[in-house]
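See structure below.
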Amino acid sequence: MKKSKPKQPLWQPDTSCRPPPGKTYLTIGQDFFSIEEYLLSQYNASLEDNSMRPLSSFDPAATMFYTDIQELRGLAEPVDYGSGIEYADALQEAFPKSGIQIGLWLNGTAGCEDIVDGALDLQIKEMYKELQKLHVPKVFLRVGYEFDNPWFGYSSDPLVYQQAFQYLVQACEVQLSIPGCHRVVSFVWHSWAAPKVAPLADFYPGDKYVDWVGVSIFQQLYPWANEKANGDFAGGTLAQVQEVLDFARDHDKPIMIAESTPFGGMFFENQPPVDFDDKDDMDIWDLWFQPTLDLIEEYDIGMWSYINCDWNSQPMWAGVGFGDTRISSVPKVMANWRQRVLGNPRFVTNKLDCYSNMHAQYKNHYTPAMGAIGTSGRASVYNLDSFSTILPAILVVGILFILGSTIQRLYCKLRVDEPTESQTKLLLEEEEDPLKTGGYGAVGSNVSSRDEHDNSGRWSVNL
């Protein structure tokens, strides 16, 4: 198969949806029912304490959704993988001011090879067509999410994963135009931050292709994952999370907690898998939620995606060990969430504003000629920076031209209405003896018609 490195895109990575420093977009997932349960439970709590906030005020800044590149399930019509309804159109209708954060499954190395070879071009074209139709502020596309999870099948060839990621970015730029692509989509590189078989950097497509760096947080923050596991805990460690966060900092990328929930649920249905001295004094807020909030503050994380779900009620996840992680399932967690998350000005809810800085984003960027997906060259480009500078100048010149023409017409009208010295003399003679000159406009009049002009632009008079 062809593995030549694609040409670097001309577009600089999109940051129009990067929140200001000290702000974090609150995202809720990961199926439609679980998102709705979160919304209604928060609204009900506001009714009980008489705070009476509008229902829409609890809308997350973004919602979560999953699809796959082979079949694009859940985009054009709803699907249930056994983990609740996934349906992009339902999310945009229910939360029109919220972004959509999408986990895009590529199916390991085999799927990446199909992408690079062009075997999935039709599916890629259809995917971007559907994404463009979503009337939401932004789509955050996690390309081959948790790429470094050995069970997901990308680790056998990290290079082809890189190429597939690059290919998908370029395909979007060709189909929607470069500015159009990045107005619709932000591309997310999402690590699972747990034991891996290849270095993190081996999977990285490059700064010019990646808009956000994502990380999963499930078990890594628990004390037993770090104090008793000697760094080899299967669910990952804090150090492995920090490795991803430091990587993002080094590359100046906004950070997204792309998937997160306290593994084991609010009640630790599965006891810690290693010895832990304080089992009898476990408080899920202190053990998981507070350490997550501390990381958000320390690294100024731009998005926190929380999975609000009763995992055991879903056939795909029943018995796996995730438990019930609905915020509403524990009164103390609910109270802390409302105070320390919803009551914290750091967290942005209700809507996502991605367009306030879009003009600045387009400076020094280009649009590709439409061509075949996957081609490394581009037939022609135009400079959007020059265009954005010339267009206002053209408008100003046009306005001045119209204004000048109007003034000139008024001037000519005034000059016509004001008789010249010769015309005045002739008119006086006509008043004394109209027959001498043939009368006012009579046959033989020496005043020419208005169709005759002298070189000065005045009306001609033949004396």
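Identifiers in this document derive from the order of the structure tokens: chains are assigned A, B, ..., residues are numbered from 1 separately in each chain, and ligands are numbered from 1 in order of occurrence.
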
Can you list, as a tab-separated table (two decimals) with C-alpha atoms, in the first residue's frame, every protein, DNA or RNA residue that comes within 9 Å of Phe165 of chain A when you count only C-alpha atoms, leaving out same-chain residues fewer than 2 positions away?
chain	number	residue	atom	x	y	z
A	112	CYS	CA	-6.46	3.20	8.49
A	143	VAL	CA	-10.17	10.70	14.96
A	144	GLY	CA	-9.49	7.09	15.94
A	160	VAL	CA	-0.48	4.47	9.08
A	161	TYR	CA	-2.63	5.92	11.86
A	162	GLN	CA	-0.80	9.22	11.38
A	163	GLN	CA	-1.43	9.06	7.64
A	167	TYR	CA	-5.84	12.09	5.05
A	168	LEU	CA	-9.10	12.82	6.84
A	169	VAL	CA	-8.05	16.41	7.51
A	170	GLN	CA	-7.05	16.97	3.89
A	187	PHE	CA	-9.72	17.67	14.84
A	189	TRP	CA	-5.97	13.61	18.81
A	205	PRO	CA	0.12	13.42	12.91
A	209	TYR	CA	-3.25	18.60	11.56
A	210	VAL	CA	-4.18	18.54	15.25

Please tabulate, as CSV, the residues of segment 138-236 of chain A that come within 10 Å of segment 58-80 of chain A, each with its closest pair of atoms and the distance in Å to one decimal, counting only C-alpha atoms and ordering rows by chain, then residue number upward.
residue,atom,partner,partner_atom,distance
A:Lys138,CA,A:Ala62,CA,8.7
A:Val139,CA,A:Ala62,CA,8.9
A:Phe140,CA,A:Ala62,CA,9.0
A:Leu141,CA,A:Tyr66,CA,9.7
A:Arg142,CA,A:Tyr66,CA,9.4
A:Val143,CA,A:Ile69,CA,9.6
A:Gly144,CA,A:Asp68,CA,9.1
A:Tyr145,CA,A:Tyr66,CA,10.0

Put those residues in a file: N, CA and C atoms, as a CSV table (one decimal), in the first residue's frame.
chain,number,residue,atom,x,y,z
A,138,LYS,N,-19.9,23.9,16.6
A,138,LYS,CA,-18.7,23.2,16.2
A,138,LYS,C,-18.8,21.7,16.4
A,139,VAL,N,-18.1,21.0,15.5
A,139,VAL,CA,-18.0,19.5,15.7
A,139,VAL,C,-16.5,19.3,16.1
A,140,PHE,N,-16.3,18.6,17.2
A,140,PHE,CA,-15.0,18.2,17.7
A,140,PHE,C,-14.9,16.7,17.3
A,141,LEU,N,-14.0,16.4,16.3
A,141,LEU,CA,-13.9,15.1,15.8
A,141,LEU,C,-12.7,14.3,16.4
A,142,ARG,N,-13.0,13.4,17.2
A,142,ARG,CA,-11.9,12.6,17.8
A,142,ARG,C,-11.6,11.4,16.8
A,143,VAL,N,-10.5,11.6,16.1
A,143,VAL,CA,-10.2,10.7,15.0
A,143,VAL,C,-9.5,9.5,15.5
A,144,GLY,N,-10.1,8.3,15.4
A,144,GLY,CA,-9.5,7.1,15.9
A,144,GLY,C,-9.2,7.2,17.4
A,145,TYR,N,-10.3,7.5,18.2
A,145,TYR,CA,-10.2,7.8,19.6
A,145,TYR,C,-9.4,6.7,20.4

Query raised in the report: Skipping near chain neighbours, those fewer than 5 positions away, what residues fall within 10 Å of Ser313 of chain A using only C-alpha atoms, listed as a list in words?
Result: Gly82, Ser83, Gly84, Ala318, Gly319, Gly323 and Asp324 of chain A

Just to be explicit: take each residue in the selection above, keep N, CA and C atoms, and write the result as a compact mmCIF listing (two decimals), in the first residue's frame.
# COMPACT_ATOMS: atom_id res chain seq x y z
N GLY A 82 -26.12 -0.96 21.88
CA GLY A 82 -26.24 -1.62 23.16
C GLY A 82 -25.77 -0.72 24.28
N SER A 83 -25.56 0.56 23.93
CA SER A 83 -25.08 1.53 24.92
C SER A 83 -25.90 2.82 24.86
N GLY A 84 -27.17 2.69 24.45
CA GLY A 84 -28.03 3.86 24.34
C GLY A 84 -28.07 4.43 22.94
N ALA A 318 -22.88 -3.78 30.79
CA ALA A 318 -23.32 -4.46 32.01
C ALA A 318 -22.26 -5.46 32.47
N GLY A 319 -21.85 -5.34 33.73
CA GLY A 319 -20.88 -6.28 34.29
C GLY A 319 -19.43 -5.96 34.00
N GLY A 323 -20.18 0.65 36.59
CA GLY A 323 -21.14 1.00 37.62
C GLY A 323 -22.08 2.12 37.20
N ASP A 324 -22.63 2.82 38.18
CA ASP A 324 -23.56 3.92 37.94
C ASP A 324 -22.83 5.23 38.22

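With atom CA of Phe289 of chain A on one side and atom CA of Pro199 of chain A on the other, the separation reads 28.5 Å.
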
Extract, using only C-alpha atoms, all DNA, RNA and protein residues at most 10 Å from Ala94 of chain A, discarding same-chain residues fewer than 6 positions from it, and format them as a PDB file with N, CA and C atoms, in the first residue's frame.
ATOM      1  N   PHE A  32     -27.903   9.689  24.094  1.00  0.00           N
ATOM      2  CA  PHE A  32     -28.940  10.713  24.153  1.00  0.00           C
ATOM      3  C   PHE A  32     -29.733  10.658  25.460  1.00  0.00           C
ATOM      4  N   GLU A  36     -29.965  13.590  28.407  1.00  0.00           N
ATOM      5  CA  GLU A  36     -31.250  14.143  28.825  1.00  0.00           C
ATOM      6  C   GLU A  36     -31.480  13.936  30.318  1.00  0.00           C
ATOM      7  N   SER A  56     -32.907  25.491  29.833  1.00  0.00           N
ATOM      8  CA  SER A  56     -31.810  25.616  28.868  1.00  0.00           C
ATOM      9  C   SER A  56     -30.503  26.058  29.516  1.00  0.00           C
ATOM     10  N   ASP A  59     -28.022  23.314  29.753  1.00  0.00           N
ATOM     11  CA  ASP A  59     -27.476  22.687  28.539  1.00  0.00           C
ATOM     12  C   ASP A  59     -25.959  22.663  28.620  1.00  0.00           C
TER      13      ASP A  59
END

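Distances from A:Val136, A:Glu243, A:Met303, A:Asn308 to Met334 of chain A were compared using only C-alpha atoms, and the smallest one belongs to A:Asn308.
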
Query raised in the report: Can you list, as a list of chain:residue names, every protein, DNA or RNA residue that comes within 12 Å of Val341 of chain A when you count only C-alpha atoms, leaving out same-chain residues fewer than 4 positions away?
Result: A:Lys23, A:Thr24, A:Tyr25, A:Leu26, A:Thr27, A:Gln42, A:Phe58, A:Pro60, A:Phe289, A:Gln290, A:Thr292, A:Leu293, A:Asp294, A:Ile296, A:Trp304, A:Tyr306, A:Ile327, A:Val333, A:Met334, A:Ala335, A:Asn336, A:Trp337, A:Pro345, A:Arg346, A:Phe347, A:Val348, A:Thr349

Restricting it to N, CA and C atoms, dump the selection as a PDB file, in the first residue's frame.
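Output file out03.pdb is given in full below:
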ATOM      1  N   LYS A  23     -11.108  29.204  31.435  1.00  0.00           N
ATOM      2  CA  LYS A  23     -12.447  28.734  31.101  1.00  0.00           C
ATOM      3  C   LYS A  23     -12.397  27.302  30.576  1.00  0.00           C
ATOM      4  N   THR A  24     -13.448  26.528  30.883  1.00  0.00           N
ATOM      5  CA  THR A  24     -13.533  25.127  30.481  1.00  0.00           C
ATOM      6  C   THR A  24     -14.935  24.840  29.970  1.00  0.00           C
ATOM      7  N   TYR A  25     -15.035  24.306  28.755  1.00  0.00           N
ATOM      8  CA  TYR A  25     -16.332  23.893  28.228  1.00  0.00           C
ATOM      9  C   TYR A  25     -16.771  22.606  28.922  1.00  0.00           C
ATOM     10  N   LEU A  26     -17.972  22.606  29.486  1.00  0.00           N
ATOM     11  CA  LEU A  26     -18.507  21.414  30.146  1.00  0.00           C
ATOM     12  C   LEU A  26     -19.314  20.610  29.135  1.00  0.00           C
ATOM     13  N   THR A  27     -18.884  19.384  28.918  1.00  0.00           N
ATOM     14  CA  THR A  27     -19.497  18.501  27.928  1.00  0.00           C
ATOM     15  C   THR A  27     -20.061  17.272  28.629  1.00  0.00           C
ATOM     16  N   GLN A  42     -30.708  18.087  36.803  1.00  0.00           N
ATOM     17  CA  GLN A  42     -30.224  19.379  37.269  1.00  0.00           C
ATOM     18  C   GLN A  42     -31.363  20.392  37.345  1.00  0.00           C
ATOM     19  N   PHE A  58     -29.018  24.720  31.813  1.00  0.00           N
ATOM     20  CA  PHE A  58     -28.237  23.534  32.172  1.00  0.00           C
ATOM     21  C   PHE A  58     -27.710  22.797  30.939  1.00  0.00           C
ATOM     22  N   PRO A  60     -25.332  21.553  28.268  1.00  0.00           N
ATOM     23  CA  PRO A  60     -23.865  21.541  28.247  1.00  0.00           C
ATOM     24  C   PRO A  60     -23.331  22.367  27.087  1.00  0.00           C
ATOM     25  N   PHE A 289     -13.529  13.069  41.710  1.00  0.00           N
ATOM     26  CA  PHE A 289     -13.976  14.364  41.192  1.00  0.00           C
ATOM     27  C   PHE A 289     -13.011  15.493  41.548  1.00  0.00           C
ATOM     28  N   GLN A 290     -12.619  15.566  42.808  1.00  0.00           N
ATOM     29  CA  GLN A 290     -11.733  16.657  43.207  1.00  0.00           C
ATOM     30  C   GLN A 290     -10.369  16.581  42.521  1.00  0.00           C
ATOM     31  N   THR A 292      -9.797  15.427  39.602  1.00  0.00           N
ATOM     32  CA  THR A 292     -10.043  15.851  38.216  1.00  0.00           C
ATOM     33  C   THR A 292     -10.136  17.367  38.127  1.00  0.00           C
ATOM     34  N   LEU A 293     -10.851  17.975  39.068  1.00  0.00           N
ATOM     35  CA  LEU A 293     -10.934  19.439  39.097  1.00  0.00           C
ATOM     36  C   LEU A 293      -9.558  20.072  39.322  1.00  0.00           C
ATOM     37  N   ASP A 294      -8.742  19.436  40.143  1.00  0.00           N
ATOM     38  CA  ASP A 294      -7.384  19.953  40.379  1.00  0.00           C
ATOM     39  C   ASP A 294      -6.556  19.933  39.096  1.00  0.00           C
ATOM     40  N   ILE A 296      -7.739  20.089  36.038  1.00  0.00           N
ATOM     41  CA  ILE A 296      -8.300  21.117  35.158  1.00  0.00           C
ATOM     42  C   ILE A 296      -7.700  22.477  35.483  1.00  0.00           C
ATOM     43  N   TRP A 304     -14.053  19.605  29.475  1.00  0.00           N
ATOM     44  CA  TRP A 304     -14.214  18.425  30.329  1.00  0.00           C
ATOM     45  C   TRP A 304     -15.461  17.680  29.867  1.00  0.00           C
ATOM     46  N   TYR A 306     -17.785  14.680  30.564  1.00  0.00           N
ATOM     47  CA  TYR A 306     -18.156  13.738  31.628  1.00  0.00           C
ATOM     48  C   TYR A 306     -19.238  12.793  31.119  1.00  0.00           C
ATOM     49  N   ILE A 327     -24.583  11.724  37.961  1.00  0.00           N
ATOM     50  CA  ILE A 327     -24.379  12.742  38.991  1.00  0.00           C
ATOM     51  C   ILE A 327     -25.522  12.712  40.002  1.00  0.00           C
ATOM     52  N   VAL A 333     -22.713  14.028  45.826  1.00  0.00           N
ATOM     53  CA  VAL A 333     -22.095  14.350  44.542  1.00  0.00           C
ATOM     54  C   VAL A 333     -22.905  15.416  43.821  1.00  0.00           C
ATOM     55  N   MET A 334     -24.218  15.270  43.853  1.00  0.00           N
ATOM     56  CA  MET A 334     -25.096  16.250  43.201  1.00  0.00           C
ATOM     57  C   MET A 334     -24.894  17.637  43.814  1.00  0.00           C
ATOM     58  N   ALA A 335     -24.859  17.706  45.129  1.00  0.00           N
ATOM     59  CA  ALA A 335     -24.684  18.997  45.793  1.00  0.00           C
ATOM     60  C   ALA A 335     -23.334  19.612  45.463  1.00  0.00           C
ATOM     61  N   ASN A 336     -22.282  18.799  45.503  1.00  0.00           N
ATOM     62  CA  ASN A 336     -20.939  19.307  45.174  1.00  0.00           C
ATOM     63  C   ASN A 336     -20.850  19.735  43.713  1.00  0.00           C
ATOM     64  N   TRP A 337     -21.485  18.978  42.844  1.00  0.00           N
ATOM     65  CA  TRP A 337     -21.462  19.304  41.416  1.00  0.00           C
ATOM     66  C   TRP A 337     -22.099  20.665  41.169  1.00  0.00           C
ATOM     67  N   PRO A 345     -17.418  29.825  37.967  1.00  0.00           N
ATOM     68  CA  PRO A 345     -17.395  30.585  36.710  1.00  0.00           C
ATOM     69  C   PRO A 345     -16.421  30.038  35.674  1.00  0.00           C
ATOM     70  N   ARG A 346     -15.534  29.149  36.070  1.00  0.00           N
ATOM     71  CA  ARG A 346     -14.627  28.538  35.094  1.00  0.00           C
ATOM     72  C   ARG A 346     -15.405  27.756  34.035  1.00  0.00           C
ATOM     73  N   PHE A 347     -16.477  27.087  34.436  1.00  0.00           N
ATOM     74  CA  PHE A 347     -17.136  26.145  33.535  1.00  0.00           C
ATOM     75  C   PHE A 347     -18.201  26.840  32.693  1.00  0.00           C
ATOM     76  N   VAL A 348     -18.056  26.664  31.369  1.00  0.00           N
ATOM     77  CA  VAL A 348     -18.952  27.274  30.393  1.00  0.00           C
ATOM     78  C   VAL A 348     -20.037  26.268  30.043  1.00  0.00           C
ATOM     79  N   THR A 349     -21.290  26.668  30.216  1.00  0.00           N
ATOM     80  CA  THR A 349     -22.427  25.829  29.847  1.00  0.00           C
ATOM     81  C   THR A 349     -23.357  26.626  28.954  1.00  0.00           C
TER      82      THR A 349
END

Query - Distance query His135 of chain A at most 12 Å, only C-alpha atoms, self and fewer than 5 positions along chain excluded, as an NGL selection string - result: :A and (88-100 or 130 or 183-185)
